[in-house]
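Have a look at the structure below, then the notes.
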Amino acid sequence: MKLGVCYYPEHWPKSRWLQDAQDMRDMGIEYVRVGEFSWSTIEKEPDQFNWAWLDQSLDVLHQAGLKVILGTPTATPPKWLVDKHPSMLAVNEQGQPRGFGSRRHYTFASLEYREECRRIVTIMAERYGNHPAVVSWQTDNEFGCHDTILSYGAADLAAFKIWLKEKYGTIDALNKAWGNIFWSMAYRSFDEIELPNLTVTEANPSHRLDFHRCCSDQVVAYNKLQVDILRKYSSGRDLVHNYMGFFTAFDHHKVGKDLDVASWDTYPLGFLDQEAIYTAEEKQTYLRTGHPDFGGFHHDLYRGCSNGRLWIMEQQPGPVNWAPHNPSPALGAVRLWTWEAFSHGAELVSYFRFRQAPFAQEQMHAGLLRPDASKAEAAGEATQVNQEIDQLASALGIARNELEALPSSGKVALMFDYDACWALDIQPQSQAYRYLFWSYRVYEALRELGLSVDIIAPKSDLSTYEMLVLPAQVTVDDELLAQLNAFEGVLLAGPRTGSKTESYQIPEQLAPGKLAQIMPLQIERVDALPDHTQLDVNGRWGQGKLKHWHEQIATQLPVLLEDEAGLPVLVGEQKRFYLGSCLDNSLLKTSMAKLAELAGLETTYLPRGVRLRERGNVIFAFNYSQMEKCFTPTYVGYKIESVIGSERLAPAGVSIWLKHKTV
Amino acid sequence: MKLGVCYYPEHWPKSRWLQDAQDMRDMGIEYVRVGEFSWSTIEKEPDQFNWAWLDQSLDVLHQAGLKVILGTPTATPPKWLVDKHPSMLAVNEQGQPRGFGSRRHYTFASLEYREECRRIVTIMAERYGNHPAVVSWQTDNEFGCHDTILSYGAADLAAFKIWLKEKYGTIDALNKAWGNIFWSMAYRSFDEIELPNLTVTEANPSHRLDFHRCCSDQVVAYNKLQVDILRKYSSGRDLVHNYMGFFTAFDHHKVGKDLDVASWDTYPLGFLDQEAIYTAEEKQTYLRTGHPDFGGFHHDLYRGCSNGRLWIMEQQPGPVNWAPHNPSPALGAVRLWTWEAFSHGAELVSYFRFRQAPFAQEQMHAGLLRPDASKAEAAGEATQVNQEIDQLASALGIARNELEALPSSGKVALMFDYDACWALDIQPQSQAYRYLFWSYRVYEALRELGLSVDIIAPKSDLSTYEMLVLPAQVTVDDELLAQLNAFEGVLLAGPRTGSKTESYQIPEQLAPGKLAQIMPLQIERVDALPDHTQLDVNGRWGQGKLKHWHEQIATQLPVLLEDEAGLPVLVGEQKRFYLGSCLDNSLLKTSMAKLAELAGLETTYLPRGVRLRERGNVIFAFNYSQMEKCFTPTYVGYKIESVIGSERLAPAGVSIWLKHKTV
Amino acid sequence: MKLGVCYYPEHWPKSRWLQDAQDMRDMGIEYVRVGEFSWSTIEKEPDQFNWAWLDQSLDVLHQAGLKVILGTPTATPPKWLVDKHPSMLAVNEQGQPRGFGSRRHYTFASLEYREECRRIVTIMAERYGNHPAVVSWQTDNEFGCHDTILSYGAADLAAFKIWLKEKYGTIDALNKAWGNIFWSMAYRSFDEIELPNLTVTEANPSHRLDFHRCCSDQVVAYNKLQVDILRKYSSGRDLVHNYMGFFTAFDHHKVGKDLDVASWDTYPLGFLDQEAIYTAEEKQTYLRTGHPDFGGFHHDLYRGCSNGRLWIMEQQPGPVNWAPHNPSPALGAVRLWTWEAFSHGAELVSYFRFRQAPFAQEQMHAGLLRPDASKAEAAGEATQVNQEIDQLASALGIARNELEALPSSGKVALMFDYDACWALDIQPQSQAYRYLFWSYRVYEALRELGLSVDIIAPKSDLSTYEMLVLPAQVTVDDELLAQLNAFEGVLLAGPRTGSKTESYQIPEQLAPGKLAQIMPLQIERVDALPDHTQLDVNGRWGQGKLKHWHEQIATQLPVLLEDEAGLPVLVGEQKRFYLGSCLDNSLLKTSMAKLAELAGLETTYLPRGVRLRERGNVIFAFNYSQMEKCFTPTYVGYKIESVIGSERLAPAGVSIWLKHKTV
């Protein structure tokens, strides 16, 4: 459990650097990310390098005992480089090149730009690969930020043709897989293929899905190119990339496989304001803390990307500048977010940024220091967390650096599949339905029951879990089927599971496709509803409402919930269950509690806005509401010892307990 | 009264065709539409034809006793053809070509594409023109779908220049007609003319209206080209095109003149969800049946396009895929829609599609069969309708094929003018006002009174009507004036009637222009209101609200309704009346009832959601609501005999009676 | 106080002109604007001029005793001219040229187009510069209408490069001023600079602000070019341009310096409907009169642009055609608007237009005459105002033409800065915050207290004011600081004052920058709120709500209002005050009343919808509501004499009194 910060020495006079390093140390900061937007400072003119500033600032940081995460500067190529390779620009869905003047002005598919990346990363890695301060490298910055994954230019089309040829071999195979006999869309050769934008009406969903997969694979290859260089010249350092919140445009599991650590940039208030997932009421209630599951959902998701290792690369420290509205965090919220991250297994929480810049696009984005170098509110909260980490280690009777050994996995797994996300967004059938939103709401229901959850990739090892939820695992292939069949815990498959083949076709046996081999049922029809239409549900397991998506299930399995016409909504027996509709929060929670009970897991109904997490015998509780809440965790056969805080959780408050076996 | 289905043999293995044909027959299906998207299957490479599949499938259908409607495949030209003629693509208002990858990727104005159409239609017509199975041809498919009537490319500009030259002769005549002295818009020659898109602010409305007329005429010419070929090689077959709902971008009356039958594609749920005409409350109330007047309005409108002959080419059989939300129809709704169509004079109701395709864009669009060939809900409802047709024929004591002879016209005519629709959409003056919406609401009021309505083209024969409503007949020329003057029934002219000349200018004598010769009044000012502003109306004929559009009428005619300031709203005497404002539903209905009474027509106040229609002595009643409704039709001097259903109409229920003179 | 009208003789037969002139005289009209859209009538073919119509119509007007304001026709270049210089077209933010077919199809930066303007203006000025009828020239028409200030074409880029080079001298100076070290945005030369559109995410705000300034300066130069020619050939005539409402895209103060008179085009209903500034409730309440401060705000703003001289060039006379909805004005509203303008110092109110045109884009825009030449409602109201002017002059015992000598300035000044408007719109931090909207609401609060307000440019003379409000004076430089320091009245600085340097950077000492030298405080953090979040405020000066923008103020100054956490909201002492948040209308009014009291100004709480204004000893009252209101102005030591109307103000009513010292 370490603290870090993002720092831009190039923005400040050299004379200030030593003081900055000292201030960082005083707040308990150990890690400093540096360099990720500095290309034009390093290479102002082609092949003329200015290393002095970076050499010296790394030395200053090193001498102050700080560890450096060095960023490759490829998210911001200089103007001269763009002028040299105009075709490197991404092109938007309307066909317009996305020009220089901000950042991320490139497409991942550009081979010319990849060569430039190879050049600059090699030079940097050769120079700093063995620098004693450098303990880690960040590749590029926030892949896909500003909607740059799907690009529609000549470089993208060229990459797509190659990708398709590799996947399908023959054009007939592609035509068959896409169903191109429909609407006379058959191609005679791969050369005839175009990108799926600017068509008269929607393009073939198989076409769109393959294009999305191809674009995601370009990111993987782009990242891999940098990773390979860094491994060669800077072995032993942790390679990491910083992901974003609610961002699903590329497959983070695939990118994560090439990295050592997954990290992400967490801005709870900016995302609350900006995202359609949250209701108007949630936006108001959690205005100054963010939604209670925003942090947890992403911590658990990204922890599943790179062998369980998780960092927070950028943590919001105050008001930001880029959301539609940018309120101030509640008093204590920065501490709350930091501890929430640690409770989910983060090794590092790094604040963005050290000092607020007085110029350019992010001048209204707060830092730990204000532009005049005075300390902003968050500086004090970081300092407090630093002290509390010591307190926790001391209560556990271990050294501070041993805290990381605390286990972070839960007993409940939720499967998250980027491919499913793309597939279902392409044809949502009801605009009220979104894979990501539904998955998030399922996660929320589990977390409101006090469960610690792992969010896992499709083909993950399931052996450690007592309960597994597939919110909408749209494709079920033989390998997954075998895994599910072998799974000994309680399994819940949600609506749309098994509803498509890999090629985006309806399976021959209809949904849920191969899953029917272990859950005997068939989906006969889908009722895709507008947001305002909610249907009554009741049955053995409770009562409430369904909304957005409602499948007509034909089955002989026991019916646990049914709709007002008596048609099945939730069916199953033993340890295998199928849910054919999206349930409201309350009924979803009730159902999850039943499943958890069958899985032998203890649950608790937490007060609204409160969340709980366990790491080994450490219990963390968080209050995201604006009111004081009372909560004491109880476990059969355990007693509870308070470490930080108490059973009275202040607004934005945190409490930490240890649990000890009583017998 | 026959049933049909849309079928794509090319999507299924040959081995399945016989079984499919058998299944169709078992459901009572007589007609099968085939071929309309099959160009790339027929001609995979330029000039290399594959007829085998079509030969064989037509034979299979023929041998099973089915009749074929063969579609020309021109709505989906193959990729190679588009690559050969890139200028054939439509261009959107933003100037972007609308590319290959879905369907309808052509502009009607492209002479190159018309040549390709001439080629393929000629070849097909030569081959199948006298095939014994082929009883009808459908030209292309859904002209204008995906907003392809107005196209802004080089081919469109070329066509527009020719069209204008033909219309105006000299550029001075055009400048005068358009009022181009305004804003220095005068042209020196036809060569200088551009299309009315991408201007700094709105283009001249006369310019826009002429462009719209020109684009509509391109559709007429495009269709005529195919019709001429088909008449030559396949004489005696019914030529038909399938129109769409709420689609007014071309003049269906003009296209219809070249065809034998008008048909349309009716998707009551998709349109309810998608169309701005319906209120949020209507969208909720009629979620699973569609709005009660959706079917009727279009049946009556299109029946007026081709000498009274009407088919339903595509009838929604279950959830579709293309609306924002796609709920399931109510139990019985497919039967309800089918009978509603027959009650308005449809000769054929053909379901789209026979079997749900598991691939491509429409894979979530239901069919009579599911993708696995099991029967979907609608299959049973179609079968039921088939039996009920027999029942009706038997009750009438006639043969089934004599049912078509039942008259389908009403005694009330509503005039619908595509030219008026374009004109008023170009300058609505209040965004809350739309010609189509207002016409629909007038129709609704008439239908809620139990009246059977004909929707007629501007210059139609009026001699059979007792009552005529012009919702907003924007241009009144000498010919129409003479017709109206000669009309002996009750005439109501609505707001905006006579308010523009053919050139889109205000008439010299102001609105209602020439109409003032038979209704002495003048419109002095227009109050065009936002949606939330409703003004009180009362007077001799009732009380209620007006909204959207309110004219200040100067007249000596008797005032039947007036606004809160005492200004006239509805005026007239004898059999000629003028309404200067849009009334709310309730007052509109009251007013229509008064007019009907003056016309000697019997009316009835139907329960909410119930509609009634007569064909000769057959009375049909339909319940679009979610509740059971009680209704028995009564007619002075007649008694009623029940054939199907009773006076208790179930949700989505249908009842049919015969009326017999009692004396 | 004179009446005028906009007239298009070219639209009507010559035979009508004399009658028109006679009708104008009968209504009391003295001024006629002519010619501003007539280029293609004047010069139908290049260099072939038709002056006959203009010669003759000027003569007819002159002989009828009417004075002419002649418009240069450069807002509507003919088609042949555009074809000759295609690069003269403005280009929108999406990169699309904005073509011929309406008006304003040029960019101010086009040197080619400027040459054409020089040519046509010179020819016209030579011909009519000394015509006895011509008393004034209007340059072009409504600069910037249809969003044409910011243009993104080659001509604009060329102008921008020159402008930047002139401003910064070296590229390093620019890089530093813009903070281009951020995101590697540094340029190596001015040649590398691009326009700030079509970037991947938002461009640098300094880049955007400089581009906006450059575009505004293009307008200044464009106008100056015409002014210089007109001064040369038509000396002694008033040069004027007609501005628009709620339009801030160029600096009207800078343009105004080159002109003799500022005028604007006032459409109270169109703007009420169209502008986001107004709430739904206001849109409904003031549907037929416009918002009570719409006229006053703009009269006071534009009166501050050209040495205090103000005309209304276009006054709405009835329903217009261009707003989303176009209701009719209330009975009397045209008179109300006319008197409101005179009460704020307008020398002339000119109605747009004389006669409604029956053709082209504005055919639904009312005039004083209808298209058939009958008199519309406004003709009578204009006639009434004309008589009332006599009545007022007579009551004052002066000649009618001496009325203009009545003073029009107030004792309260509100500073309005176009540069601040651009700056804050570029980074609003909360989308609910807009500089213009907030300034308007401050003005509204002052006016609801019965205060007469001047809206002044940043560096204006302050010596005549008792009270000065800076709503959000974003940049405070040494000159302004010195002025404020020397100001002896009551000063209120609002939120965001002093928060940026001229280069769009946060000042070293943080906000309020240099202002802190005379108001010792510092802004530590900003809470930028969504619209629905309002925070409680209370303190010595009242209680209410704050919204949109809330600064955390660190200061030792006395706190007059504080938020619910006890943090300062309004601070100050003596005569200097700082407000850190946007207050709701009620608390804003209370606070302004306190400040006015400290400034020794009498205030009154006017009934809702009523406004008051003074010119010397003439008191005007206006009722914008739909109900009769009772109001009698009272002044300590004065008695009141009624001239027009009474203390009972009818809906849309006007009353005028004289005040006389009682001692």
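How things are named: the first chain in the structure tokens is A, the next is B, and so on; residues count from 1 in each chain; ligands count from 1 in the order shown.
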Would you list the contacts of region 505-510 of chain C as number ranges by chain, taking every protein, DNA or RNA residue within 9 Å and counting only C-alpha atoms, but skipping same-chain residues closer than 5 positions in sequence? A: 357-360, 363-364, 370-372; C: 177-179, 206, 498-500, 516, 522-524
Residues within 8 Å of Pro327 (chain B), please, as a PyMOL selection string. Count only C-alpha atoms; anything in the same chain fewer than 6 positions from it doesn't count. (chain A and resi 526-529) or (chain B and resi 269+287-288+319-320)
Quick one: residues within 7 Å of region 424-431 of chain A, only C-alpha atoms, excluding same-chain residues fewer than 2 positions away - as a short mmCIF file (atom, residue, chain, number, x, y, z; two decimals) with all heavy atoms, in the first residue's frame?
data_model
loop_
_atom_site.label_atom_id
_atom_site.label_comp_id
_atom_site.auth_asym_id
_atom_site.auth_seq_id
_atom_site.Cartn_x
_atom_site.Cartn_y
_atom_site.Cartn_z
N PRO A 205 -24.01 -6.50 -38.63
CA PRO A 205 -23.42 -6.56 -37.28
C PRO A 205 -22.18 -7.44 -37.22
O PRO A 205 -21.27 -7.16 -36.42
CB PRO A 205 -24.56 -7.13 -36.42
CG PRO A 205 -25.53 -7.76 -37.37
CD PRO A 205 -25.40 -7.01 -38.65
N ALA A 420 -18.34 -9.53 -25.73
CA ALA A 420 -19.80 -9.50 -25.52
C ALA A 420 -20.30 -8.07 -25.48
O ALA A 420 -21.37 -7.74 -26.01
CB ALA A 420 -20.14 -10.20 -24.21
N CYS A 421 -19.52 -7.23 -24.87
CA CYS A 421 -19.90 -5.81 -24.76
C CYS A 421 -20.06 -5.19 -26.15
O CYS A 421 -21.06 -4.53 -26.44
CB CYS A 421 -18.84 -5.09 -23.96
SG CYS A 421 -19.26 -3.38 -23.63
N TRP A 422 -19.08 -5.42 -27.02
CA TRP A 422 -19.18 -4.88 -28.39
C TRP A 422 -20.38 -5.46 -29.11
O TRP A 422 -21.14 -4.75 -29.77
CB TRP A 422 -17.91 -5.17 -29.19
CG TRP A 422 -16.65 -4.80 -28.49
CD1 TRP A 422 -16.49 -3.79 -27.59
CD2 TRP A 422 -15.37 -5.42 -28.61
NE1 TRP A 422 -15.19 -3.76 -27.14
CE2 TRP A 422 -14.48 -4.74 -27.75
CE3 TRP A 422 -14.87 -6.50 -29.34
CZ2 TRP A 422 -13.13 -5.09 -27.61
CZ3 TRP A 422 -13.54 -6.86 -29.22
CH2 TRP A 422 -12.67 -6.16 -28.36
N TYR A 433 -31.11 -1.08 -22.94
CA TYR A 433 -30.23 -2.17 -22.52
C TYR A 433 -28.79 -1.91 -22.95
O TYR A 433 -28.53 -1.62 -24.11
CB TYR A 433 -30.70 -3.49 -23.15
CG TYR A 433 -29.76 -4.64 -22.81
CD1 TYR A 433 -29.97 -5.41 -21.67
CD2 TYR A 433 -28.65 -4.91 -23.60
CE1 TYR A 433 -29.08 -6.43 -21.34
CE2 TYR A 433 -27.76 -5.92 -23.27
CZ TYR A 433 -27.99 -6.67 -22.14
OH TYR A 433 -27.11 -7.67 -21.81
N ARG A 434 -27.86 -2.02 -22.00
CA ARG A 434 -26.44 -1.93 -22.31
C ARG A 434 -25.71 -2.99 -21.49
O ARG A 434 -25.89 -3.07 -20.28
CB ARG A 434 -25.88 -0.54 -21.94
CG ARG A 434 -26.33 0.60 -22.82
CD ARG A 434 -25.57 0.69 -24.14
NE ARG A 434 -24.15 0.83 -23.93
CZ ARG A 434 -23.53 1.99 -23.70
NH1 ARG A 434 -24.22 3.10 -23.70
NH2 ARG A 434 -22.23 2.04 -23.49
N TYR A 435 -24.86 -3.75 -22.13
CA TYR A 435 -24.13 -4.80 -21.45
C TYR A 435 -23.38 -4.27 -20.24
O TYR A 435 -23.43 -4.83 -19.14
CB TYR A 435 -23.16 -5.46 -22.43
CG TYR A 435 -22.20 -6.45 -21.78
CD1 TYR A 435 -22.61 -7.74 -21.51
CD2 TYR A 435 -20.91 -6.08 -21.45
CE1 TYR A 435 -21.76 -8.65 -20.92
CE2 TYR A 435 -20.04 -6.98 -20.86
CZ TYR A 435 -20.46 -8.27 -20.59
OH TYR A 435 -19.61 -9.17 -19.99
N ALA A 528 -38.17 -6.57 -25.85
CA ALA A 528 -37.16 -5.53 -25.54
C ALA A 528 -37.87 -4.21 -25.29
O ALA A 528 -38.44 -3.62 -26.21
CB ALA A 528 -36.18 -5.42 -26.70
N LEU A 529 -37.83 -3.76 -24.07
CA LEU A 529 -38.76 -2.73 -23.60
C LEU A 529 -38.15 -1.35 -23.48
O LEU A 529 -36.96 -1.21 -23.19
CB LEU A 529 -39.29 -3.16 -22.23
CG LEU A 529 -40.08 -4.47 -22.25
CD1 LEU A 529 -40.23 -5.02 -20.85
CD2 LEU A 529 -41.44 -4.23 -22.89
N PRO A 530 -38.99 -0.34 -23.66
CA PRO A 530 -38.51 1.03 -23.37
C PRO A 530 -38.33 1.22 -21.86
O PRO A 530 -38.89 0.48 -21.05
CB PRO A 530 -39.65 1.91 -23.91
CG PRO A 530 -40.85 1.04 -24.01
CD PRO A 530 -40.36 -0.37 -24.18
N HIS A 548 -36.36 -3.44 -19.42
CA HIS A 548 -35.38 -3.38 -20.52
C HIS A 548 -35.38 -4.64 -21.37
O HIS A 548 -35.50 -4.56 -22.59
CB HIS A 548 -33.95 -3.12 -20.02
CG HIS A 548 -33.81 -1.86 -19.23
ND1 HIS A 548 -32.72 -1.57 -18.47
CD2 HIS A 548 -34.65 -0.81 -19.08
CE1 HIS A 548 -32.88 -0.40 -17.89
NE2 HIS A 548 -34.03 0.08 -18.24
N ASN B 321 -36.57 -5.57 -35.23
CA ASN B 321 -35.22 -5.30 -34.74
C ASN B 321 -34.79 -3.85 -34.88
O ASN B 321 -33.78 -3.45 -34.33
CB ASN B 321 -34.22 -6.13 -35.55
CG ASN B 321 -34.18 -5.66 -37.00
OD1 ASN B 321 -35.20 -5.74 -37.69
ND2 ASN B 321 -33.06 -5.16 -37.47
N PRO B 324 -36.20 1.78 -31.81
CA PRO B 324 -35.39 2.01 -30.60
C PRO B 324 -35.62 0.94 -29.52
O PRO B 324 -34.70 0.55 -28.83
CB PRO B 324 -35.84 3.39 -30.14
CG PRO B 324 -36.35 4.08 -31.37
CD PRO B 324 -36.95 2.99 -32.21
N HIS B 325 -36.86 0.50 -29.41
CA HIS B 325 -37.18 -0.60 -28.50
C HIS B 325 -38.11 -1.52 -29.26
O HIS B 325 -38.93 -1.06 -30.05
CB HIS B 325 -37.87 -0.10 -27.24
CG HIS B 325 -37.24 1.12 -26.67
ND1 HIS B 325 -37.59 2.38 -27.09
CD2 HIS B 325 -36.24 1.28 -25.78
CE1 HIS B 325 -36.84 3.27 -26.44
NE2 HIS B 325 -36.01 2.64 -25.65
N ASN B 326 -38.03 -2.80 -29.00
CA ASN B 326 -38.77 -3.76 -29.81
C ASN B 326 -39.54 -4.76 -28.97
O ASN B 326 -39.12 -5.89 -28.79
CB ASN B 326 -37.78 -4.47 -30.76
CG ASN B 326 -37.18 -3.50 -31.76
OD1 ASN B 326 -37.84 -3.04 -32.67
ND2 ASN B 326 -35.91 -3.15 -31.57
#
Test item, helix (DSSP H, G or I) assignment across region 205-444 of chain A, answer as a PyMOL selection string: chain A and resi 205-233+252-257+268-274+280-285+294-303+333-343+377-396+400-405+418-426+435-444
Looking at only C-alpha atoms, which of C:Ala593, C:Ile277, C:Ile171, C:Leu259 is the one that sits closest to Asn223 (chain C)? C:Leu259
Identify, on the basis of only C-alpha atoms, every residue whose closest approach to Ser38 (chain C) does not exceed 7 Å; exclude the query and any residue fewer than 2 positions from it along the same chain; express the result as a VMD selection string. (chain B and resid 183 to 184) or (chain C and resid 35 to 36 40 to 42 73)
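Note that the spacing between CA of Leu368 (chain B) and CA of Ile29 (chain B) amounts to 11.4 Å.
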Residues within 10 Å of Leu198 (chain B), please, as a VMD selection string. Count only C-alpha atoms; anything in the same chain fewer than 4 positions from it doesn't count. (chain B and resid 93 to 95 152 202 to 203) or (chain C and resid 92 96 to 102)
Spatial neighbours of Gly494 (chain C), 10 Å, only C-alpha atoms, chain gap at least 4 places, as a CSV table (one decimal) with N, CA and C atoms, in the first residue's frame:
chain,number,residue,atom,x,y,z
C,438,TRP,N,-25.2,35.1,-16.9
C,438,TRP,CA,-24.9,35.6,-15.5
C,438,TRP,C,-25.0,37.2,-15.6
C,439,SER,N,-24.4,37.8,-16.5
C,439,SER,CA,-24.4,39.3,-16.7
C,439,SER,C,-25.8,39.8,-16.8
C,442,VAL,N,-27.6,39.6,-13.5
C,442,VAL,CA,-27.2,40.7,-12.6
C,442,VAL,C,-27.9,42.0,-13.1
C,469,VAL,N,-20.6,47.4,-11.1
C,469,VAL,CA,-20.7,45.9,-11.0
C,469,VAL,C,-19.9,45.3,-12.1
C,470,LEU,N,-18.9,44.5,-11.7
C,470,LEU,CA,-18.2,43.6,-12.7
C,470,LEU,C,-18.7,42.2,-12.5
C,471,PRO,N,-19.6,41.8,-13.4
C,471,PRO,CA,-20.2,40.4,-13.2
C,471,PRO,C,-19.1,39.3,-13.2
C,472,ALA,N,-18.2,39.4,-14.1
C,472,ALA,CA,-17.1,38.4,-14.1
C,472,ALA,C,-16.0,38.9,-15.0
C,473,GLN,N,-15.3,39.9,-14.5
C,473,GLN,CA,-14.3,40.6,-15.3
C,473,GLN,C,-13.0,39.8,-15.3
C,474,VAL,N,-12.9,38.8,-16.2
C,474,VAL,CA,-12.0,37.7,-16.0
C,474,VAL,C,-10.5,38.2,-16.0
C,498,GLY,N,-10.8,38.5,-12.4
C,498,GLY,CA,-9.3,38.4,-12.2
C,498,GLY,C,-8.8,37.0,-12.2
C,512,PRO,N,-8.4,36.4,-7.3
C,512,PRO,CA,-8.7,37.3,-8.3
C,512,PRO,C,-7.6,38.1,-8.9
C,570,LEU,N,-20.2,36.3,0.0
C,570,LEU,CA,-20.1,37.7,-0.3
C,570,LEU,C,-19.3,38.4,0.8
C,577,PHE,N,-16.6,45.2,-2.6
C,577,PHE,CA,-17.2,44.0,-2.3
C,577,PHE,C,-16.8,42.9,-3.3
C,578,TYR,N,-16.8,41.7,-2.8
C,578,TYR,CA,-16.5,40.6,-3.8
C,578,TYR,C,-17.5,39.5,-3.5
C,579,LEU,N,-18.1,39.0,-4.6
C,579,LEU,CA,-19.1,37.9,-4.6
C,579,LEU,C,-18.5,36.7,-5.3
C,580,GLY,N,-18.5,35.6,-4.6
C,580,GLY,CA,-17.8,34.5,-5.1
C,580,GLY,C,-18.7,33.4,-5.8
C,581,SER,N,-19.9,33.7,-5.8
C,581,SER,CA,-20.9,32.6,-6.3
C,581,SER,C,-22.0,33.3,-7.1
C,582,CYS,N,-22.7,32.5,-7.9
C,582,CYS,CA,-23.9,33.0,-8.6
C,582,CYS,C,-25.0,32.9,-7.6
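Shortest atom-to-atom contact with chain A among B:Ile312, B:Ile656, B:Leu406, B:Val91: B:Val91, counting only C-alpha atoms.
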Fewer than 5 positions away in the same chain doesn't count, so skip those; otherwise give me all residues within 9 Å of Phe37 (chain B), counting only C-alpha atoms, as a ChimeraX atom specification. /A:181-184 /B:8,71-77,103,140-141
Can you list, as a ChimeraX atom specification, all residues belonging to region 243-386 of chain A that DSSP tags as strand (DSSP E)? /A:243,261-266,310-315,346-351
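In this comparison, which uses only C-alpha atoms, the residue of A:Tyr418, A:Phe143, A:Tyr168, A:Trp322 approaching chain C most closely is A:Trp322.
Comparing the minimum interatomic distances between chain A and each of C:Lys375, C:Lys545, C:Arg208, C:His344, counting only C-alpha atoms, we find that C:Arg208 sits nearest.
What separates CA of Ile123 (chain A) from CA of Trp311 (chain A) is a distance of 26.4 Å.
Taking CA of Thr464 (chain B) as the reference point, CA of Glu340 (chain B) is found at 23.1 Å.
Distances here use only C-alpha atoms; by that measure, the residue among B:Val261, B:Leu81, B:Ala565, B:Leu484 closest to chain C is B:Ala565.
Nearest to Thr266 (chain C) of all the residues C:Asp55, C:Glu347, C:Glu192, C:Glu142 is C:Glu142, based on only C-alpha atoms.
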